[in-house]
Structures are given as C-alpha cells and as structure tokens.
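Take a look at the structure below.
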Amino acid sequence: MNPLLSKCSDLSTLVELLRPLRQTGQTVALANGAFDLLHVGHLRYLQAAAQLADLLVVAVNSDDSVRRAKGAKRPVVPAAERMELVAALACVNHVVLFEEDDVRPVIRMLRPEVHVKGTDYTADSIPERDEVLCYGGRVAIAGDAKNHSTSEILARLTGDK
C-alpha cells in the first residue's frame with residue numbers, strides 16, 4: 001500500500017483520528033480546493049495554511065463537485081490522484097474528499113480552529129465564514145498573490161489564451 005494513502009481518510013474516521021490529538025491541545029487548520037493540476041500557487045497556499053495551526057487538513061473536491069464548479073472538461077486529474085498528490089506535500093497532515101459544492105459539511109464535522117482560504121478571498125468574503133465563527137473558530141487568508149491558476153495553465157496548453 002502506498003504510505004501516502006495513510007494520510008487520506010473519510011471524514012468520520014478523520015474526526016476520530018484527530019480527537020486524541022486535540023485533547024492534547026493540538027489545533028487544526030482546514031484548507032480546501034480542487035487542486036487540479038497541482039501548481040506552485042497551491043503549494044504556497046498550503047504551506048502558509050500549515051503555519052496557522054499544529055495540523056493541516058486539506059479537503060479536496062470530488063470529481064463531480066469540480067465538474068459542477070469548473071465545467072464538464074474538469075477535473076483533468078481524478079480525485080484519488082489529486083488526493084495522493086496533496087498528501088505527498090510535507091506540510092499536509094491529512095486529506096479528505098468531499099462531494100458537496102462547498103466545504104460547510106466538512107467544517108460542521110471537523111470544527112477546525114482555523115479555516116483557511118487563498119488570497120482570491122478576503123476575510124469578509126469567505127463563503128463559509130459564518131459557519132466557522134458560530135462555534136468560535138476563525139478564518140484566515142494564506143498564500144501569495146493569486147498569480148497562478150489551473151484554468152490559465154490549461155488555457156495556455158490548449159492555445160485558448
């Protein structure tokens with residue numbers, strides 16, 4: 001078995017794995033996204049997110065949720081491979097897949113101390129902000145300026161840009 005897959009679990013299992021760690025005072029940051037064609041912008045976002053808590057959990061959109069958000073030609077890379085790539089990053093502790101169009105169900109179960117979004121958001125524009133604040137969590141912005149995009153990379157590869 002690929003050892004990276006040990007970082008990947010379903011949400012219920014992850015909540016149980018984290019329980020004893022949290023009881024010792026460790027904190028959890030949650031980042032999320034499609035991570036289709038992993039690029040340096042993704043890496044910088046996740047590295048910065050990892051600095052905001054003791055453990056970084058990354059929620060990866062399922063193939064169906066990526067299609068709903070990005071169109072019929074996406075994702076380019078299947079969910080299982082996207083999860084494995086994200087799990088390979090040293091800054092990532094756990095990876096979980098989610099089917100929904102936004103990450104609120106993951107937030108409800110995981111209750112991260114910090115929910116982290118990239119710099120294409122502001123603290124006030126994070127869609128899940130109210131969900132996090134209602135239980136006393138906080139939201140944060142991490143990563144460098146939004147100068148990298150999977151959509152732009154695909155457009156360059158196909159000559160659409």
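Residue numbering restarts at 1 in every chain; chains get A, B, ... in the order shown in the structure tokens, and ligands count up from 1 in that same order.
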Legend entry - DSSP strand (DSSP E or B) residues within stretch 43-152 of chain A, as a list of chain:residue names: A:Leu55, A:Leu56, A:Val57, A:Val58, A:Ala59, A:Val60, A:Asn61, A:His94, A:Val95, A:Val96, A:Leu97, A:Phe98, A:Val114, A:His115, A:Val116, A:Lys117, A:Arg138, A:Val139, A:Ala140, A:Ile141
Export of the given selection (N, CA and C atoms) as a CSV table (one decimal), in the first residue's frame:
```csv
chain,number,residue,atom,x,y,z
A,55,LEU,N,-1.8,21.2,13.0
A,55,LEU,CA,-2.1,20.2,11.9
A,55,LEU,C,-2.9,20.8,10.8
A,56,LEU,N,-2.5,20.4,9.6
A,56,LEU,CA,-3.3,20.9,8.4
A,56,LEU,C,-4.0,19.7,7.7
A,57,VAL,N,-5.4,19.9,7.7
A,57,VAL,CA,-6.3,19.0,6.9
A,57,VAL,C,-6.6,19.7,5.6
A,58,VAL,N,-6.6,19.0,4.5
A,58,VAL,CA,-6.9,19.5,3.2
A,58,VAL,C,-8.1,18.8,2.7
A,59,ALA,N,-9.2,19.5,2.5
A,59,ALA,CA,-10.4,18.9,1.9
A,59,ALA,C,-10.4,19.1,0.4
A,60,VAL,N,-10.4,18.0,-0.4
A,60,VAL,CA,-10.3,18.0,-1.8
A,60,VAL,C,-11.7,17.8,-2.4
A,61,ASN,N,-12.1,18.6,-3.4
A,61,ASN,CA,-13.4,18.5,-4.0
A,61,ASN,C,-13.4,17.1,-4.8
A,94,HIS,N,-3.4,15.6,6.8
A,94,HIS,CA,-4.5,14.7,6.5
A,94,HIS,C,-5.2,15.3,5.2
A,95,VAL,N,-5.8,14.4,4.4
A,95,VAL,CA,-6.6,14.7,3.3
A,95,VAL,C,-7.9,14.0,3.3
A,96,VAL,N,-8.9,14.7,3.0
A,96,VAL,CA,-10.3,14.2,3.0
A,96,VAL,C,-11.0,14.6,1.7
A,97,LEU,N,-11.8,13.8,1.1
A,97,LEU,CA,-12.6,14.1,-0.1
A,97,LEU,C,-14.0,14.6,0.4
A,98,PHE,N,-14.5,15.6,-0.4
A,98,PHE,CA,-15.9,16.0,-0.1
A,98,PHE,C,-16.6,16.2,-1.4
A,114,VAL,N,-9.1,26.9,12.7
A,114,VAL,CA,-8.8,27.9,11.6
A,114,VAL,C,-9.3,27.3,10.3
A,115,HIS,N,-10.1,28.1,9.6
A,115,HIS,CA,-10.5,27.7,8.2
A,115,HIS,C,-9.7,28.7,7.3
A,116,VAL,N,-8.9,28.1,6.4
A,116,VAL,CA,-8.0,29.0,5.6
A,116,VAL,C,-8.4,29.0,4.1
A,117,LYS,N,-8.5,30.1,3.5
A,117,LYS,CA,-8.7,30.3,2.1
A,117,LYS,C,-7.5,31.0,1.5
A,138,ARG,N,-11.9,30.6,13.7
A,138,ARG,CA,-11.5,31.8,13.0
A,138,ARG,C,-11.2,31.5,11.5
A,139,VAL,N,-11.3,32.5,10.7
A,139,VAL,CA,-11.0,32.4,9.3
A,139,VAL,C,-9.7,33.1,9.0
A,140,ALA,N,-8.9,32.7,8.0
A,140,ALA,CA,-7.7,33.3,7.7
A,140,ALA,C,-7.4,33.2,6.2
A,141,ILE,N,-6.6,34.1,5.7
A,141,ILE,CA,-6.2,34.1,4.3
A,141,ILE,C,-4.7,33.8,4.3
```
Inset, instruction - Identify, on the basis of only C-alpha atoms, every residue whose closest approach to A:Leu89 does not exceed 12 Å; exclude the query and any residue fewer than 6 positions from it along the same chain; express the result as a VMD selection string. - result: chain A and resid 4 7 38 to 40 42 to 47 50 56 to 58 82 to 83 95
Save the residues we just selected, C-alpha atoms, as a PDB file, in the first residue's frame?
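Once everything was written out, this is again_37.pdb:
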```
ATOM      1  CA  LEU A   4       0.780   8.484   1.349  1.00  0.00           C
ATOM      2  CA  LYS A   7      -2.878  10.490   5.177  1.00  0.00           C
ATOM      3  CA  LEU A  38      -1.167  20.998  -8.670  1.00  0.00           C
ATOM      4  CA  HIS A  39       0.950  24.152  -9.103  1.00  0.00           C
ATOM      5  CA  VAL A  40       3.165  26.462  -7.059  1.00  0.00           C
ATOM      6  CA  HIS A  42      -1.387  25.585  -4.396  1.00  0.00           C
ATOM      7  CA  LEU A  43       1.887  24.728  -2.677  1.00  0.00           C
ATOM      8  CA  ARG A  44       2.341  28.240  -1.269  1.00  0.00           C
ATOM      9  CA  TYR A  45      -1.277  28.347  -0.076  1.00  0.00           C
ATOM     10  CA  LEU A  46      -0.966  25.035   1.750  1.00  0.00           C
ATOM     11  CA  GLN A  47       2.449  25.824   3.222  1.00  0.00           C
ATOM     12  CA  ALA A  50       0.049  24.861   7.750  1.00  0.00           C
ATOM     13  CA  LEU A  56      -3.257  20.856   8.378  1.00  0.00           C
ATOM     14  CA  VAL A  57      -6.255  19.043   6.944  1.00  0.00           C
ATOM     15  CA  VAL A  58      -6.945  19.541   3.249  1.00  0.00           C
ATOM     16  CA  ARG A  82      -5.333  14.716  -6.624  1.00  0.00           C
ATOM     17  CA  MET A  83      -5.648  13.498  -3.036  1.00  0.00           C
ATOM     18  CA  VAL A  95      -6.559  14.741   3.269  1.00  0.00           C
TER      19      VAL A  95
END
```
Inset, instruction - Just list the residues in stretch 44-151 of chain A DSSP gives helix (DSSP H, G or I) on the backbone, as an MDAnalysis selection string. - result: chainID A and resid 44:50 63:70 79:87 104:110 129:133 150:151
Selection file, C-alpha atoms, as a PDB file, in the first residue's frame:
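Final output, part_28.pdb:
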```
ATOM      1  CA  ARG A  44       2.341  28.240  -1.269  1.00  0.00           C
ATOM      2  CA  TYR A  45      -1.277  28.347  -0.076  1.00  0.00           C
ATOM      3  CA  LEU A  46      -0.966  25.035   1.750  1.00  0.00           C
ATOM      4  CA  GLN A  47       2.449  25.824   3.222  1.00  0.00           C
ATOM      5  CA  ALA A  48       1.127  29.116   4.592  1.00  0.00           C
ATOM      6  CA  ALA A  49      -2.049  27.424   5.882  1.00  0.00           C
ATOM      7  CA  ALA A  50       0.049  24.861   7.750  1.00  0.00           C
ATOM      8  CA  ASP A  63     -14.751  14.925  -9.396  1.00  0.00           C
ATOM      9  CA  ASP A  64     -18.484  15.698  -9.549  1.00  0.00           C
ATOM     10  CA  SER A  65     -18.169  18.853  -7.455  1.00  0.00           C
ATOM     11  CA  VAL A  66     -15.260  20.062  -9.605  1.00  0.00           C
ATOM     12  CA  ARG A  67     -17.361  19.482 -12.748  1.00  0.00           C
ATOM     13  CA  ARG A  68     -20.228  21.462 -11.267  1.00  0.00           C
ATOM     14  CA  ALA A  69     -17.908  24.345 -10.403  1.00  0.00           C
ATOM     15  CA  LYS A  70     -15.494  24.333 -13.350  1.00  0.00           C
ATOM     16  CA  ALA A  79      -9.877  12.788  -7.282  1.00  0.00           C
ATOM     17  CA  ALA A  80      -7.862   9.836  -5.962  1.00  0.00           C
ATOM     18  CA  GLU A  81      -4.735  11.108  -7.732  1.00  0.00           C
ATOM     19  CA  ARG A  82      -5.333  14.716  -6.624  1.00  0.00           C
ATOM     20  CA  MET A  83      -5.648  13.498  -3.036  1.00  0.00           C
ATOM     21  CA  GLU A  84      -2.428  11.495  -3.316  1.00  0.00           C
ATOM     22  CA  LEU A  85      -0.551  14.490  -4.727  1.00  0.00           C
ATOM     23  CA  VAL A  86      -1.780  16.767  -1.937  1.00  0.00           C
ATOM     24  CA  ALA A  87      -0.930  14.100   0.653  1.00  0.00           C
ATOM     25  CA  ARG A 104     -19.513  23.603   5.034  1.00  0.00           C
ATOM     26  CA  PRO A 105     -20.359  19.928   5.795  1.00  0.00           C
ATOM     27  CA  VAL A 106     -16.664  19.265   6.454  1.00  0.00           C
ATOM     28  CA  ILE A 107     -16.458  22.323   8.699  1.00  0.00           C
ATOM     29  CA  ARG A 108     -19.536  21.192  10.653  1.00  0.00           C
ATOM     30  CA  MET A 109     -17.993  17.805  11.454  1.00  0.00           C
ATOM     31  CA  LEU A 110     -14.341  18.783  11.785  1.00  0.00           C
ATOM     32  CA  ARG A 129     -17.129  32.447   7.376  1.00  0.00           C
ATOM     33  CA  ASP A 130     -20.365  32.416   9.410  1.00  0.00           C
ATOM     34  CA  GLU A 131     -20.221  28.628   9.759  1.00  0.00           C
ATOM     35  CA  VAL A 132     -16.747  28.875  11.325  1.00  0.00           C
ATOM     36  CA  LEU A 133     -17.424  31.896  13.524  1.00  0.00           C
ATOM     37  CA  THR A 150      -5.112  25.788 -13.189  1.00  0.00           C
ATOM     38  CA  SER A 151      -7.618  27.313 -15.621  1.00  0.00           C
TER      39      SER A 151
END
```
Inset, instruction - Go ahead and compute the interatomic distance for atom CA of A:Pro112 and atom CA of A:Val76, in Å to one decimal. - result: 29.1 Å
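From atom CA of A:Leu21 back to atom CA of A:Asp54, the distance works out to 9.7 Å.
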